[in-house]
Amino acid sequence: MPLFWRIFLLNAVVLIVATALLLGPVTVSTPVLLTEAAVLTVGLAAMLVANALLLRVGLAPLQRLTRAMNTTDLLRPGHRTAVDGRGEIAELITTYNTMLDRLEDERATSSARALSAQEAERRRIARELHDEVGQSLTAVLLQLKRAADHAPAELGDELRQVQETTRASLEEIRRIARRLRPGVLDELGLVSALKALATEFGGPGLTVQHCLDPDLPELDRESELVLYRVAQEGLTNVVRHAGARRAELALRRTPDGVELRVRDDGRGIDGAAEGAGIRGMRERALLVGAELSVEPRVDGGGTELRLAVPVPARFPAHVLVPVRPERKSVPSTTPAAVRRSAPAHAPPP
């Protein structure tokens, strides 16, 4: 029976009983006797309790639906409200769950396209930095060396200082280009790319150890890129926010796929709200149906990041990632690791 008719019939019963009492032999004296007041009080209390019970039972699914609406996060998909109740309430919960399915699918699709465009823009900027700015600075270095060799001693020393500054700038540009576009991932594979990433983030104040299984299952291009970017963002958070002295980067095979783990001995998250970095990692994880968790370590201080990637990847419905365009030819002086273009890949719809 619909909620409207249940509430209407209960109120109708209450009014009918009250009218029957007024028209019946029951009388109320003036002033009201104690027994009459007791009977009226008990009857009123019984009607109010019955009305409250029906409303509580009938509206309980709506309260659960309200809590679900307040706690739903599209970056943590899969949670649905149990369909209970009858009539319009069950239909409302079913409609809400269907709406969540559609919103999660649309968000995954838009995120896939946005991240694909972001990666394409990263590749373009990295290529221009390496091919254009890098080659220009290399030419400047050669000219400075030639000028320093033919200049007087005092001027030659100044030119050599400028040469060292230019060389440091060139190395910084190359480092930025490598972080924008993981060329080692395209050339040597995921394991080598993660080893290089651990070496890059390691330094005097932070020791980064890596433990990478050699017998990983075959991963598609998108899954490898998600694993690399999440590891990169996780180590970036360790360097910027954790204040850690030791970090661990691990990648191991699991029965369902692979699991990436980034742990540190820093100050921990301490219940802090998730920032743009973590939410960006969650969006990347959704692209391949992976599960991401960022929690305090159970065996001491610090934070532990876990990313479980299924094999084969579970691409969201209707996700179409544009195929990477072929790269233009570059001069032969460009290193082979930069000249080779990444293999085109698009996840299945």
# chains A, B, ... in the order shown; residues from 1 in each chain; ligands from 1

$ residues_around --residues "range 191-203 of chain A" --least-positions-apart "3" --cutoff "8 Å" --atoms "only C-alpha atoms" --output "PDB file with N, CA and C atoms, in the first residue's frame"
ATOM      1  N   PRO A 182      56.802  10.237 -18.546  1.00  0.00           N
ATOM      2  CA  PRO A 182      57.679   9.140 -18.124  1.00  0.00           C
ATOM      3  C   PRO A 182      58.191   8.338 -19.304  1.00  0.00           C
ATOM      4  N   VAL A 184      60.853   6.640 -19.596  1.00  0.00           N
ATOM      5  CA  VAL A 184      61.387   5.332 -19.213  1.00  0.00           C
ATOM      6  C   VAL A 184      60.273   4.304 -19.110  1.00  0.00           C
ATOM      7  N   LEU A 185      59.055   4.747 -18.816  1.00  0.00           N
ATOM      8  CA  LEU A 185      57.923   3.820 -18.766  1.00  0.00           C
ATOM      9  C   LEU A 185      57.629   3.275 -20.153  1.00  0.00           C
ATOM     10  N   LEU A 188      61.322   1.166 -21.163  1.00  0.00           N
ATOM     11  CA  LEU A 188      61.849   0.041 -20.386  1.00  0.00           C
ATOM     12  C   LEU A 188      60.806  -0.690 -19.565  1.00  0.00           C
ATOM     13  N   LEU A 206      65.972  11.692   2.716  1.00  0.00           N
ATOM     14  CA  LEU A 206      64.947  10.660   2.544  1.00  0.00           C
ATOM     15  C   LEU A 206      65.552   9.470   1.817  1.00  0.00           C
ATOM     16  N   THR A 207      65.389   8.300   2.415  1.00  0.00           N
ATOM     17  CA  THR A 207      65.819   7.054   1.787  1.00  0.00           C
ATOM     18  C   THR A 207      64.585   6.331   1.258  1.00  0.00           C
ATOM     19  N   VAL A 208      64.567   6.065  -0.035  1.00  0.00           N
ATOM     20  CA  VAL A 208      63.436   5.390  -0.679  1.00  0.00           C
ATOM     21  C   VAL A 208      63.899   4.002  -1.110  1.00  0.00           C
ATOM     22  N   GLN A 209      63.340   2.978  -0.496  1.00  0.00           N
ATOM     23  CA  GLN A 209      63.638   1.601  -0.860  1.00  0.00           C
ATOM     24  C   GLN A 209      62.525   1.064  -1.754  1.00  0.00           C
ATOM     25  N   HIS A 210      62.894   0.210  -2.680  1.00  0.00           N
ATOM     26  CA  HIS A 210      61.894  -0.366  -3.579  1.00  0.00           C
ATOM     27  C   HIS A 210      61.958  -1.883  -3.500  1.00  0.00           C
ATOM     28  N   LEU A 212      60.091  -4.682  -5.829  1.00  0.00           N
ATOM     29  CA  LEU A 212      59.250  -4.861  -7.015  1.00  0.00           C
ATOM     30  C   LEU A 212      59.342  -6.303  -7.485  1.00  0.00           C
ATOM     31  N   PRO A 214      59.389  -9.316  -9.923  1.00  0.00           N
ATOM     32  CA  PRO A 214      59.765  -9.400 -11.344  1.00  0.00           C
ATOM     33  C   PRO A 214      58.721 -10.106 -12.207  1.00  0.00           C
ATOM     34  N   TYR A 228      52.084   4.155 -12.279  1.00  0.00           N
ATOM     35  CA  TYR A 228      53.234   5.059 -12.230  1.00  0.00           C
ATOM     36  C   TYR A 228      52.833   6.410 -11.643  1.00  0.00           C
ATOM     37  N   ALA A 231      52.145   6.191  -7.887  1.00  0.00           N
ATOM     38  CA  ALA A 231      53.415   6.098  -7.162  1.00  0.00           C
ATOM     39  C   ALA A 231      54.126   7.441  -7.143  1.00  0.00           C
ATOM     40  N   GLN A 232      54.102   8.155  -8.244  1.00  0.00           N
ATOM     41  CA  GLN A 232      54.735   9.467  -8.316  1.00  0.00           C
ATOM     42  C   GLN A 232      54.068  10.454  -7.363  1.00  0.00           C
ATOM     43  N   LEU A 235      54.867   9.466  -3.610  1.00  0.00           N
ATOM     44  CA  LEU A 235      56.197   9.884  -3.170  1.00  0.00           C
ATOM     45  C   LEU A 235      56.305  11.401  -3.083  1.00  0.00           C
ATOM     46  N   THR A 236      55.599  12.106  -3.953  1.00  0.00           N
ATOM     47  CA  THR A 236      55.589  13.567  -3.859  1.00  0.00           C
ATOM     48  C   THR A 236      54.976  14.017  -2.540  1.00  0.00           C
ATOM     49  N   VAL A 239      57.484  13.545   0.271  1.00  0.00           N
ATOM     50  CA  VAL A 239      58.525  14.576   0.301  1.00  0.00           C
ATOM     51  C   VAL A 239      57.965  15.901   0.810  1.00  0.00           C
ATOM     52  N   LEU A 249      58.649   1.783  -1.522  1.00  0.00           N
ATOM     53  CA  LEU A 249      57.829   1.646  -2.722  1.00  0.00           C
ATOM     54  C   LEU A 249      57.814   0.175  -3.101  1.00  0.00           C
TER      55      LEU A 249
END

$ closest_residue --among "A:Ala114, A:Ala151, A:Leu40, A:Ile176" --to "Val133 in chain A" --atoms "only C-alpha atoms"
A:Ile176

$ select_by_dssp --residues "range 20-230 of chain A" --states "strand (DSSP E or B)" --output "PDB file with N, CA and C atoms, in the first residue's frame"
ATOM      1  N   THR A 207      65.389   8.300   2.415  1.00  0.00           N
ATOM      2  CA  THR A 207      65.819   7.054   1.787  1.00  0.00           C
ATOM      3  C   THR A 207      64.585   6.331   1.258  1.00  0.00           C
ATOM      4  N   VAL A 208      64.567   6.065  -0.035  1.00  0.00           N
ATOM      5  CA  VAL A 208      63.436   5.390  -0.679  1.00  0.00           C
ATOM      6  C   VAL A 208      63.899   4.002  -1.110  1.00  0.00           C
ATOM      7  N   GLN A 209      63.340   2.978  -0.496  1.00  0.00           N
ATOM      8  CA  GLN A 209      63.638   1.601  -0.860  1.00  0.00           C
ATOM      9  C   GLN A 209      62.525   1.064  -1.754  1.00  0.00           C
ATOM     10  N   HIS A 210      62.894   0.210  -2.680  1.00  0.00           N
ATOM     11  CA  HIS A 210      61.894  -0.366  -3.579  1.00  0.00           C
ATOM     12  C   HIS A 210      61.958  -1.883  -3.500  1.00  0.00           C
ATOM     13  N   CYS A 211      60.770  -2.488  -3.588  1.00  0.00           N
ATOM     14  CA  CYS A 211      60.627  -3.941  -3.585  1.00  0.00           C
ATOM     15  C   CYS A 211      59.604  -4.283  -4.674  1.00  0.00           C
ATOM     16  N   LEU A 212      60.091  -4.682  -5.829  1.00  0.00           N
ATOM     17  CA  LEU A 212      59.250  -4.861  -7.015  1.00  0.00           C
ATOM     18  C   LEU A 212      59.342  -6.303  -7.485  1.00  0.00           C
TER      19      LEU A 212
END

$ select_by_dssp --residues "range 94-277 of chain A" --states "helix (DSSP H, G or I)" --output "VMD selection string"
chain A and resid 94 to 150 153 to 180 183 to 188 190 to 201 221 to 242 276 to 277

$ residues_around --residues "Asp270 in chain A" --least-positions-apart "5" --cutoff "12 Å" --atoms "only C-alpha atoms" --output "PDB file with all heavy atoms, in the first residue's frame"
ATOM      1  N   HIS A 241      54.916  16.621   2.515  1.00  0.00           N
ATOM      2  CA  HIS A 241      54.075  16.741   3.706  1.00  0.00           C
ATOM      3  C   HIS A 241      54.452  15.805   4.853  1.00  0.00           C
ATOM      4  O   HIS A 241      54.133  16.108   6.001  1.00  0.00           O
ATOM      5  CB  HIS A 241      52.609  16.483   3.340  1.00  0.00           C
ATOM      6  CG  HIS A 241      52.127  17.286   2.165  1.00  0.00           C
ATOM      7  ND1 HIS A 241      52.062  18.668   2.177  1.00  0.00           N
ATOM      8  CD2 HIS A 241      51.688  16.901   0.927  1.00  0.00           C
ATOM      9  CE1 HIS A 241      51.599  19.104   1.014  1.00  0.00           C
ATOM     10  NE2 HIS A 241      51.371  18.055   0.239  1.00  0.00           N
ATOM     11  N   ALA A 242      55.078  14.679   4.579  1.00  0.00           N
ATOM     12  CA  ALA A 242      55.243  13.663   5.619  1.00  0.00           C
ATOM     13  C   ALA A 242      56.371  13.980   6.589  1.00  0.00           C
ATOM     14  O   ALA A 242      56.309  13.600   7.761  1.00  0.00           O
ATOM     15  CB  ALA A 242      55.466  12.287   4.991  1.00  0.00           C
ATOM     16  N   VAL A 294      44.204   5.223   1.583  1.00  0.00           N
ATOM     17  CA  VAL A 294      45.273   5.999   2.218  1.00  0.00           C
ATOM     18  C   VAL A 294      44.961   6.026   3.707  1.00  0.00           C
ATOM     19  O   VAL A 294      44.012   6.690   4.136  1.00  0.00           O
ATOM     20  CB  VAL A 294      45.355   7.427   1.644  1.00  0.00           C
ATOM     21  CG1 VAL A 294      46.504   8.196   2.289  1.00  0.00           C
ATOM     22  CG2 VAL A 294      45.510   7.394   0.129  1.00  0.00           C
ATOM     23  N   GLU A 295      45.754   5.307   4.488  1.00  0.00           N
ATOM     24  CA  GLU A 295      45.456   5.120   5.909  1.00  0.00           C
ATOM     25  C   GLU A 295      46.735   5.207   6.723  1.00  0.00           C
ATOM     26  O   GLU A 295      47.850   5.040   6.190  1.00  0.00           O
ATOM     27  CB  GLU A 295      44.799   3.745   6.134  1.00  0.00           C
ATOM     28  CG  GLU A 295      43.489   3.542   5.385  1.00  0.00           C
ATOM     29  CD  GLU A 295      42.982   2.122   5.510  1.00  0.00           C
ATOM     30  OE1 GLU A 295      43.762   1.260   5.973  1.00  0.00           O
ATOM     31  OE2 GLU A 295      41.823   1.873   5.141  1.00  0.00           O
ATOM     32  N   PRO A 296      46.600   5.435   8.041  1.00  0.00           N
ATOM     33  CA  PRO A 296      47.788   5.386   8.906  1.00  0.00           C
ATOM     34  C   PRO A 296      48.352   3.971   8.969  1.00  0.00           C
ATOM     35  O   PRO A 296      47.617   2.985   8.865  1.00  0.00           O
ATOM     36  CB  PRO A 296      47.245   5.835  10.274  1.00  0.00           C
ATOM     37  CG  PRO A 296      45.963   6.534   9.984  1.00  0.00           C
ATOM     38  CD  PRO A 296      45.403   5.893   8.757  1.00  0.00           C
ATOM     39  N   ARG A 297      49.646   3.872   9.128  1.00  0.00           N
ATOM     40  CA  ARG A 297      50.287   2.564   9.230  1.00  0.00           C
ATOM     41  C   ARG A 297      49.911   1.893  10.546  1.00  0.00           C
ATOM     42  O   ARG A 297      49.823   2.547  11.590  1.00  0.00           O
ATOM     43  CB  ARG A 297      51.799   2.710   9.132  1.00  0.00           C
ATOM     44  CG  ARG A 297      52.295   3.088   7.768  1.00  0.00           C
ATOM     45  CD  ARG A 297      53.806   3.224   7.744  1.00  0.00           C
ATOM     46  NE  ARG A 297      54.478   2.001   8.169  1.00  0.00           N
ATOM     47  CZ  ARG A 297      55.797   1.866   8.164  1.00  0.00           C
ATOM     48  NH1 ARG A 297      56.571   2.865   7.773  1.00  0.00           N
ATOM     49  NH2 ARG A 297      56.349   0.731   8.557  1.00  0.00           N
ATOM     50  N   GLY A 301      54.290   4.815  13.131  1.00  0.00           N
ATOM     51  CA  GLY A 301      53.883   6.087  12.573  1.00  0.00           C
ATOM     52  C   GLY A 301      54.010   6.123  11.070  1.00  0.00           C
ATOM     53  O   GLY A 301      54.654   5.282  10.449  1.00  0.00           O
ATOM     54  N   GLY A 302      53.398   7.122  10.490  1.00  0.00           N
ATOM     55  CA  GLY A 302      53.469   7.270   9.045  1.00  0.00           C
ATOM     56  C   GLY A 302      52.170   6.917   8.358  1.00  0.00           C
ATOM     57  O   GLY A 302      51.140   6.663   8.981  1.00  0.00           O
ATOM     58  N   THR A 303      52.232   6.890   7.043  1.00  0.00           N
ATOM     59  CA  THR A 303      51.061   6.668   6.198  1.00  0.00           C
ATOM     60  C   THR A 303      51.349   5.537   5.227  1.00  0.00           C
ATOM     61  O   THR A 303      52.493   5.341   4.808  1.00  0.00           O
ATOM     62  CB  THR A 303      50.711   7.952   5.430  1.00  0.00           C
ATOM     63  OG1 THR A 303      50.566   9.031   6.352  1.00  0.00           O
ATOM     64  CG2 THR A 303      49.414   7.791   4.663  1.00  0.00           C
TER      65      THR A 303
END

$ closest_residue --among "A:Leu55, A:Leu44, A:Leu34, A:Leu137" --to "Arg6 in chain A" --atoms "only C-alpha atoms"
A:Leu55

$ closest_residue --among "A:Arg56, A:Arg263, A:Arg80, A:Lys145" --to "Ile93 in chain A" --atoms "only C-alpha atoms"
A:Arg80
